[in-house]
Each structure stands twice: as C-alpha cells, then as structure tokens.
Amino acid sequence: MNGERDEPLYVISIVARMVGVHAQTLRYYEKAGLIEPSRSEGNRRYYSQHDLERIRHIKALVDEMGVNLAGAEVALRLMTRIQEMEEELQQMRMEVRMLRSRAQRPALEERRRPPEA
C-alpha cells in the first residue's frame, strides 16, 4: 500500500495544476527542502501521491493558516513525528495485549489442574 503512494507518477506541470500552484512554487519548495521529488535520468522531476499530499499540507499551512515556509517545515516534521509515535504506541499496545494474554494462560492452567493427593 505504501509503495503505491511513493511511486513517482506526475510531472511538475501536472502537480502544479492539481494542487493549484505555479511550477516555480514547487521548485521553491524543493529548494527550501520541504519536498524532494524523484528525478528521472534526464533530471525531470516526478512526484508521487505522497509528495502531492505533502504539497497540499504545505499549501494549507501557508495559504490558510499564514505560516511561513520555515514554520511549515517545523509543522510537517512535528506531524511526521506524531504519526511515528502513534504507530509505535499502537505496536506497544498490541505487545501489551499479547503479554497479558500469555500471563493469563498459566493462571488458567493452574486453576484447571486437579489438586495433588
């Protein structure tokens, strides 16, 4: 699933039209380090679905919330970190459930054993 989101599919002119910005704006975002499109052997930029989502986040932060590009970069980093932490938390919750399940099994087996005479 993630592989499809990361597949470079769109050239800069298409992305600019899809997102509603000028191609120069995308070049500026790249120069500022906010996005990193894939490059072809001919050095053409290709954008993935993930890149499009990131560009839309940047555009929303800048246009709708009045954040400058440095602030957008910080916000994107924080959002990425929050997502990573949520995934880690989910993994830990699953591990805790598994450990609790294992801990309950011996206790159940003890109750089921007949008393030794």
# chains A, B, ... in the order shown; residues from 1 in each chain; ligands from 1
>>> residues_around(residues="region 54-65 of chain A", least_positions_apart="5", cutoff="8 Å", atoms="only C-alpha atoms", output="MDAnalysis selection string")
chainID A and resid 19 35 72 76
>>> select_by_dssp(residues="chain A", states="alpha helix (DSSP H)", output="number ranges by chain")
A: 2-5, 12-19, 23-31, 49-59, 69-112
>>> select_by_dssp(residues="chain A", states="strand (DSSP E)", output="list of chain:residue names")
A:Tyr10, A:Val11, A:Ser38, A:Arg39, A:Arg45, A:Tyr46, A:Tyr47
>>> atom_distance(atom1="CA of Leu78 (chain A)", atom2="CA of Met18 (chain A)")
25.5 Å
>>> residues_around(residues="Ser48 (chain A)", least_positions_apart="2", cutoff="9 Å", atoms="only C-alpha atoms", output="list in words")
Glu4, Arg5, Asp6, Glu7, Pro8, Leu9, Tyr10, Pro37, Ser38, Tyr46, His50, Asp51, Leu52 and Glu53 of chain A
>>> write_last_selection(atoms="N, CA and C atoms", output="mmCIF file, in the first residue's frame")
data_model
loop_
_atom_site.group_PDB
_atom_site.id
_atom_site.type_symbol
_atom_site.label_atom_id
_atom_site.label_comp_id
_atom_site.auth_asym_id
_atom_site.auth_seq_id
_atom_site.Cartn_x
_atom_site.Cartn_y
_atom_site.Cartn_z
ATOM 1 N N GLU A 4 2.638 2.125 -3.419
ATOM 2 C CA GLU A 4 1.869 2.842 -4.423
ATOM 3 C C GLU A 4 1.876 4.339 -4.154
ATOM 4 N N ARG A 5 1.815 4.735 -2.915
ATOM 5 C CA ARG A 5 1.830 6.162 -2.559
ATOM 6 C C ARG A 5 3.173 6.801 -2.870
ATOM 7 N N ASP A 6 4.234 5.998 -2.874
ATOM 8 C CA ASP A 6 5.579 6.519 -3.089
ATOM 9 C C ASP A 6 6.039 6.417 -4.536
ATOM 10 N N GLU A 7 5.194 5.863 -5.399
ATOM 11 C CA GLU A 7 5.539 5.697 -6.814
ATOM 12 C C GLU A 7 5.537 7.054 -7.515
ATOM 13 N N PRO A 8 6.674 7.466 -8.086
ATOM 14 C CA PRO A 8 6.712 8.759 -8.795
ATOM 15 C C PRO A 8 5.943 8.673 -10.111
ATOM 16 N N LEU A 9 4.850 9.422 -10.216
ATOM 17 C CA LEU A 9 3.952 9.316 -11.362
ATOM 18 C C LEU A 9 3.757 10.611 -12.136
ATOM 19 N N TYR A 10 3.802 11.744 -11.457
ATOM 20 C CA TYR A 10 3.358 13.001 -12.038
ATOM 21 C C TYR A 10 4.521 13.956 -12.306
ATOM 22 N N PRO A 37 11.158 15.593 -4.784
ATOM 23 C CA PRO A 37 10.618 14.722 -5.828
ATOM 24 C C PRO A 37 11.704 13.805 -6.392
ATOM 25 N N SER A 38 11.250 12.706 -6.958
ATOM 26 C CA SER A 38 12.187 11.798 -7.630
ATOM 27 C C SER A 38 12.661 12.469 -8.909
ATOM 28 N N TYR A 46 9.643 14.032 -10.836
ATOM 29 C CA TYR A 46 8.438 13.209 -10.803
ATOM 30 C C TYR A 46 7.944 13.140 -9.369
ATOM 31 N N HIS A 50 2.294 10.580 -2.311
ATOM 32 C CA HIS A 50 2.780 11.061 -1.019
ATOM 33 C C HIS A 50 3.288 12.496 -1.145
ATOM 34 N N ASP A 51 4.035 12.778 -2.226
ATOM 35 C CA ASP A 51 4.516 14.148 -2.467
ATOM 36 C C ASP A 51 3.338 15.107 -2.610
ATOM 37 N N LEU A 52 2.310 14.679 -3.343
ATOM 38 C CA LEU A 52 1.124 15.525 -3.525
ATOM 39 C C LEU A 52 0.478 15.855 -2.180
ATOM 40 N N GLU A 53 0.336 14.862 -1.324
ATOM 41 C CA GLU A 53 -0.255 15.084 -0.006
ATOM 42 C C GLU A 53 0.573 16.075 0.798
#
>>> closest_atom_pairs(of="region 25-85 of chain A", to="region 90-109 of chain A", cutoff="12 Å", atoms="only C-alpha atoms", output="tab-separated table")
residue	atom	partner	partner_atom	distance
A:Gln83	CA	A:Gln90	CA	10.6
A:Glu84	CA	A:Gln90	CA	9.9
A:Met85	CA	A:Gln90	CA	8.5
>>> write_last_selection(atoms="C-alpha atoms", output="CSV table (one decimal), in the first residue's frame")
chain,number,residue,atom,x,y,z
A,83,GLN,CA,2.4,9.8,13.2
A,84,GLU,CA,5.5,7.8,14.0
A,85,MET,CA,4.8,7.9,17.7
>>> atom_distance(atom1="CA of Tyr47 (chain A)", atom2="CA of Glu73 (chain A)")
18.4 Å
